[in-house]
Amino acid sequence: MKKEFYITTTLPYVNAEPHVGFASEIVLADVRARFERILGKEVIFNTGTDEHGLKIWQKAREAGVEAQDYVDEYAAKFDDLKEMLELSYTNFIRTTDENHKKAAQELWKRVDDNGYIYKKQYKVKYCVGCELEKTDSELVDRYCPLHPGKELEIIEEENYFFKFSALQDKLLELYKNNPEFVVPNKRFNEIKSFVERGLEDFSISRLKTKMPWGVPVPNDDDQVMYVWFDALTNYISTLGWPGNQENFEKFWGTVDAPNAIQIAGKDNLRQQSAMWQAMLLAAELPTSKQVFINGFIGVDGQKMSKSIGNVISPTEMVENFGIDGTRYLLLTKGTFGEDNDISWEKMTAKYNADLANGLGNLTSRVIKLSENLNLEIEKKEIIFDEASIKLVESFDLDKVLENIWLIVREDNKYIEDTKPWELAKNNEDEFKKVMKKLIEDLNFISELLIPFMPETSEKIKKALETKERVILFERMR
RNA sequence: CGCGGGGUAGAGCAGUCUGGCAGCUCGUCUGGCUCAUAACCAGGAGGUCGCCGGUUCGAAUCCGGCCCCCGCAACCA
């Protein structure tokens, strides 16, 4: 079995505060990364920030600051997530990093050398009122929603295009040869039918005079790369590609044995499982091994949005539930790949039931009962069984946690049945026997929790050692 | 006939691929317990599985039709 493991999240675009959907994505990746380390793999866990493009350029100008200063500030905010959610990522790539820009240019050259890039007239609709380009999807009734009735101008400019259409067969072959290339299956079906319907080439550059905030196109001073082409390259630039070929093959893999696991939200299905793979194929590089597509998070049945005012941020969650509480809630909010629904009310209920009353209270009970005992504990070596490993590999982490919580229930019942507080008074031997099982179970739980809730795992171990009472999760009103 | 997802107990969901007693968590009701974070344990109530039809010994599950809700519709992270 290969000893190296590679996983990457998508790179969030730095024009807003970190979104809880991204927090969920990166926590899932974190658990997987920690898990693979336990299995003895050398892990590269990549994340970072996507920092080029029109929106950022505009925002920086509005704020009256240099674009680089603007993205520096935001990139730091995203890097803060590491501490906030106790993440174990090894790489944090920024698309404004010099080595990344060079990699993006090299990828461009290879795609170009293989004949997949050409120049074409590109028509854009331009709203004079906003002084902005508008896409069809932004229009309402053929007009700009901010300036209804005002005819849009058609501007033509020459852009570079990527021959996405020429990669259709290769993509379909990739999908055919890898029946689990995209998970869950329904998303795989979606992208397959999208590709089968036929692909259109897309523009991958912008005129520098209009939008200079991007990676310069090789051998053309007038154009910069369109943000997607640049940003997607991060997954390999983070490995030192193209300079460090050895590292690249070790982690990203080879054409015969791809090794990269990607995780993304469903809004990224096309970009990650079709566009990016097509770019790799065009450059004759190995594709990803597997792309996991997560659903969206809604609040009380509604879309989470600023205009509705129901946004739940990861920062607020950590303030309320702590690091591991937040990790637990994000991991157990529902089935991977489905849209999940959250709310403060539901999260508080789950937090109280599972963490405070469940694991937390059990720990208190056991610690208190074992206060005056000195027992030899058998440390269990086995961490996860085959079934659990399978669940982790398909990101069904909620089910793994559910199984761990079965032990919590079982032990609560065991305490109820054996009444150790009575045994302590009249049956020393039996008391020791009962406590031995409970302590071993709790120790076992703490082992199992390492990838999911590293801090809690440590706290339980420490409590078992020192016999000092500990409130793992304060009950909420 | 644009593409896709969903409709299962008061709430949130699993189960549908591969047909076999309708399940989980929360809430609720009743009882028990006192080691523990007003925590814990047991038992109960609660569902025409969106609707109609078909296949089958048997359908939440397979097939056909319909209704309702929600995303996306390509260069938008």
# chains A, B, ... in the order shown; residues from 1 in each chain; ligands from 1
$ closest_atom_pairs --of "chain B" --to "chain A" --cutoff "12 Å" --atoms "only C-alpha atoms (C1' of nucleotides)" --output "Markdown table"
| residue | atom | partner | partner_atom | distance |
| --- | --- | --- | --- | --- |
| B:G2 | C1' | A:Arg197 | CA | 11.2 |
| B:C3 | C1' | A:Glu190 | CA | 7.9 |
| B:G4 | C1' | A:Glu190 | CA | 6.7 |
| B:G5 | C1' | A:Glu338 | CA | 8.6 |
| B:G6 | C1' | A:Asp339 | CA | 9.6 |
| B:A11 | C1' | A:Lys346 | CA | 9.2 |
| B:G12 | C1' | A:Asp341 | CA | 8.0 |
| B:C13 | C1' | A:Gly334 | CA | 7.3 |
| B:A14 | C1' | A:Thr335 | CA | 8.7 |
| B:C17 | C1' | A:Asn185 | CA | 9.9 |
| B:C24 | C1' | A:Glu402 | CA | 10.1 |
| B:U25 | C1' | A:Lys350 | CA | 8.7 |
| B:C26 | C1' | A:Ala349 | CA | 7.3 |
| B:G27 | C1' | A:Ala349 | CA | 10.0 |
| B:G32 | C1' | A:Glu416 | CA | 10.4 |
| B:C33 | C1' | A:Glu416 | CA | 7.7 |
| B:U34 | C1' | A:Trp421 | CA | 9.5 |
| B:C35 | C1' | A:Trp421 | CA | 5.5 |
| B:A36 | C1' | A:Arg365 | CA | 4.2 |
| B:U37 | C1' | A:Asn361 | CA | 5.7 |
| B:A38 | C1' | A:Arg475 | CA | 10.7 |
| B:A39 | C1' | A:Asn357 | CA | 5.7 |
| B:C40 | C1' | A:Asn412 | CA | 6.5 |
| B:C41 | C1' | A:Glu416 | CA | 6.0 |
| B:A42 | C1' | A:Lys413 | CA | 9.9 |
| B:C69 | C1' | A:Gly301 | CA | 10.3 |
| B:C70 | C1' | A:Gln302 | CA | 9.1 |
| B:G71 | C1' | A:Phe296 | CA | 9.5 |
| B:C72 | C1' | A:Asp267 | CA | 8.5 |
| B:A73 | C1' | A:Ser137 | CA | 8.1 |
| B:A74 | C1' | A:Glu200 | CA | 8.4 |
| B:C75 | C1' | A:Phe202 | CA | 5.8 |
| B:C76 | C1' | A:Thr135 | CA | 7.8 |
| B:A77 | C1' | A:Tyr13 | CA | 4.8 |
$ write_last_selection --atoms "C-alpha atoms (C1' of nucleotides)" --output "compact mmCIF listing (two decimals), in the first residue's frame"
# COMPACT_ATOMS: atom_id res chain seq x y z
C1' G B 2 -33.28 22.24 -19.82
C1' C B 3 -30.37 19.54 -15.54
C1' G B 4 -30.38 17.73 -10.67
C1' G B 5 -32.02 16.91 -5.51
C1' G B 6 -35.96 16.16 -2.11
C1' A B 11 -38.77 18.19 14.58
C1' G B 12 -34.28 16.52 12.02
C1' C B 13 -32.91 12.33 9.31
C1' A B 14 -31.40 6.81 7.88
C1' C B 17 -28.85 0.92 -5.59
C1' C B 24 -32.42 6.31 14.55
C1' U B 25 -31.69 10.91 17.32
C1' C B 26 -34.26 14.90 19.65
C1' G B 27 -38.90 16.13 21.86
C1' G B 32 -36.97 3.82 38.17
C1' C B 33 -32.19 5.56 40.03
C1' U B 34 -28.93 9.04 42.98
C1' C B 35 -22.07 7.71 41.13
C1' A B 36 -22.68 11.91 37.55
C1' U B 37 -22.92 18.24 34.18
C1' A B 38 -31.30 18.98 36.81
C1' A B 39 -27.30 14.44 34.15
C1' C B 40 -28.46 8.45 33.72
C1' C B 41 -31.75 3.85 32.86
C1' A B 42 -36.44 1.27 31.49
C1' C B 69 -40.69 22.05 -2.27
C1' C B 70 -35.50 23.32 -3.27
C1' G B 71 -30.92 24.18 -5.95
C1' C B 72 -28.31 24.92 -10.68
C1' A B 73 -28.68 26.61 -15.92
C1' A B 74 -21.77 27.32 -17.76
C1' C B 75 -17.02 31.47 -17.81
C1' C B 76 -20.56 33.37 -11.26
C1' A B 77 -15.19 31.11 -5.77
$ atom_distance --atom1 "atom CA of Gly198 of chain A" --atom2 "atom CA of Ala104 of chain A"
26.4 Å
$ select_by_dssp --residues "segment 285-371 of chain A" --states "strand (DSSP E)" --output "PyMOL selection string"
chain A and resi 290-294+297-299+302-303+340-342
$ residues_around --residues "G54 of chain B" --least-positions-apart "3" --cutoff "12 Å" --atoms "only C-alpha atoms (C1' of nucleotides)" --output "VMD selection string"
chain B and resid 59 62 to 65
$ select_by_dssp --residues "segment 161-328 of chain A" --states "alpha helix (DSSP H)" --output "MDAnalysis selection string"
chainID A and resid 168:177 185:196 227:232 234:237 245:251 269:270 276:282 314:328
